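Visitor: Next up is a structure, given as C-alpha cells.
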Amino acid sequence: MKAKATPSGTGLEGVINQSRSDLQLSAEDQYIHEVRTIDGINIVCTMLLYLANLVHATNALLADNTYKRVHGSWKEWEIVI
C-alpha cells in the first residue's frame, strides 16, 4: 500500500516528485516549499503558510534541536510557536 501511495519512494526522489506536484497548488496549500542538497546534506523545508506567518506575531519561538528520526534516514528539526 505504501509503494502504491508513494510510487517514487519516500527518499529524496519521492520528495522532489511531491514538491513538483505541490507546485500545481496555491502557495497556501503547498506543504513542501524548498528542497536543496548542500554539501551532501538533503534539506527539505516544509510548512503550512498560515502557521508560518504567525512567526511575525508570536511572543515566543522555540526550536527543538533533537533532530528526531522521522522515517529511514530522514531527521526532523522542528520550530514550535
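Letters A, B, ... go to the chains of the C-alpha cells in the order shown; residues in each chain start at 1; ligands are counted from 1 in the same order.
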Which residues come within 10 Å of region 25-27 of chain A, counting only C-alpha atoms, excluding same-chain residues fewer than 4 positions away, as a PyMOL selection string?
Guide: chain A and resi 20-21+31-33+48-50
Visitor: If you run DSSP over the backbone, which residues in chain A end up strand (DSSP E or B)? Put them as a PyMOL selection string.
Guide: chain A and resi 32-38+41-46+62-71+74-80
Visitor: Of the candidates A:Thr58, A:Asn42, A:Gln30, A:Asn17, which one gets nearest to Lys75 (chain A) if we count only C-alpha atoms?
Guide: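 Closest to Lys75 (chain A) of all the choices is A:Asn42.
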Visitor: Please measure the separation of CA of Arg69 (chain A) and CA of Leu12 (chain A), giving the value in Å to one decimal.
Guide: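 Interatomic distance, CA of Arg69 (chain A) to CA of Leu12 (chain A): 15.0 Å.
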Visitor: Give the answer as one residue: which of A:Asn59, A:Ser19, A:Gln24, A:Ser8 has the shortest atom-to-atom distance to Val44 (chain A), using only C-alpha atoms?
Guide: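 Going through A:Asn59, A:Ser19, A:Gln24, A:Ser8 one by one, the smallest distance to Val44 (chain A) is for A:Ser19.
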Visitor: With only C-alpha atoms as the atoms that count, which of A:Glu34, A:Ala63, A:Val55, A:Asp39 lies nearest to Ile16 (chain A)?
Guide: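 So, comparing all the options, the nearest one is A:Glu34.
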Visitor: Identify which of the residues A:Asp29, A:Gly72, A:Pro7, A:Gly14 lies closest to Met47 (chain A), counting only C-alpha atoms when measuring atom-to-atom distances.
Guide: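 Ranked by minimum distance to Met47 (chain A), first place goes to A:Asp29.
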Visitor: Step one, run DSSP on the backbone; step two, keep only residues of chain A assigned to helix (DSSP H, G or I); then write them as a list of chain:residue names.
Guide: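 Across chain A, those assigned helix (DSSP H, G or I) are A:Lys2, A:Ala3, A:Lys4, A:Ala5, A:Leu12, A:Glu13, A:Gly14, A:Val15, A:Ile16, A:Asn17, A:Gln18, A:Ser19, A:Arg20, A:Ser21, A:Asp22, A:Leu49, A:Tyr50, A:Leu51, A:Ala52, A:Asn53, A:Leu54, A:Val55, A:His56.
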Visitor: Keeping C-alpha atoms, export the residues of the selection given above as a PDB file, in the first residue's frame.
Guide:
ATOM      1  CA  LYS A   2       2.856   2.353   0.850  1.00  0.00           C
ATOM      2  CA  ALA A   3       4.526   1.706  -2.527  1.00  0.00           C
ATOM      3  CA  LYS A   4       1.231   2.456  -4.287  1.00  0.00           C
ATOM      4  CA  ALA A   5       0.747   5.711  -2.333  1.00  0.00           C
ATOM      5  CA  LEU A  12      14.800  12.343  -1.854  1.00  0.00           C
ATOM      6  CA  GLU A  13      13.391  11.261  -5.244  1.00  0.00           C
ATOM      7  CA  GLY A  14       9.923  10.955  -3.712  1.00  0.00           C
ATOM      8  CA  VAL A  15      10.224  14.343  -2.001  1.00  0.00           C
ATOM      9  CA  ILE A  16      11.285  16.037  -5.244  1.00  0.00           C
ATOM     10  CA  ASN A  17       8.413  14.363  -7.101  1.00  0.00           C
ATOM     11  CA  GLN A  18       5.917  15.528  -4.450  1.00  0.00           C
ATOM     12  CA  SER A  19       7.332  19.070  -4.446  1.00  0.00           C
ATOM     13  CA  ARG A  20       6.790  19.237  -8.215  1.00  0.00           C
ATOM     14  CA  SER A  21       3.186  18.129  -7.703  1.00  0.00           C
ATOM     15  CA  ASP A  22       2.768  20.751  -4.970  1.00  0.00           C
ATOM     16  CA  LEU A  49       1.908  29.005   5.204  1.00  0.00           C
ATOM     17  CA  TYR A  50      -0.801  30.251   7.549  1.00  0.00           C
ATOM     18  CA  LEU A  51       1.138  28.871  10.530  1.00  0.00           C
ATOM     19  CA  ALA A  52       4.480  30.209   9.271  1.00  0.00           C
ATOM     20  CA  ASN A  53       3.001  33.706   9.055  1.00  0.00           C
ATOM     21  CA  LEU A  54       2.324  33.599  12.800  1.00  0.00           C
ATOM     22  CA  VAL A  55       6.066  33.961  13.439  1.00  0.00           C
ATOM     23  CA  HIS A  56       5.647  37.725  12.964  1.00  0.00           C
TER      24      HIS A  56
END
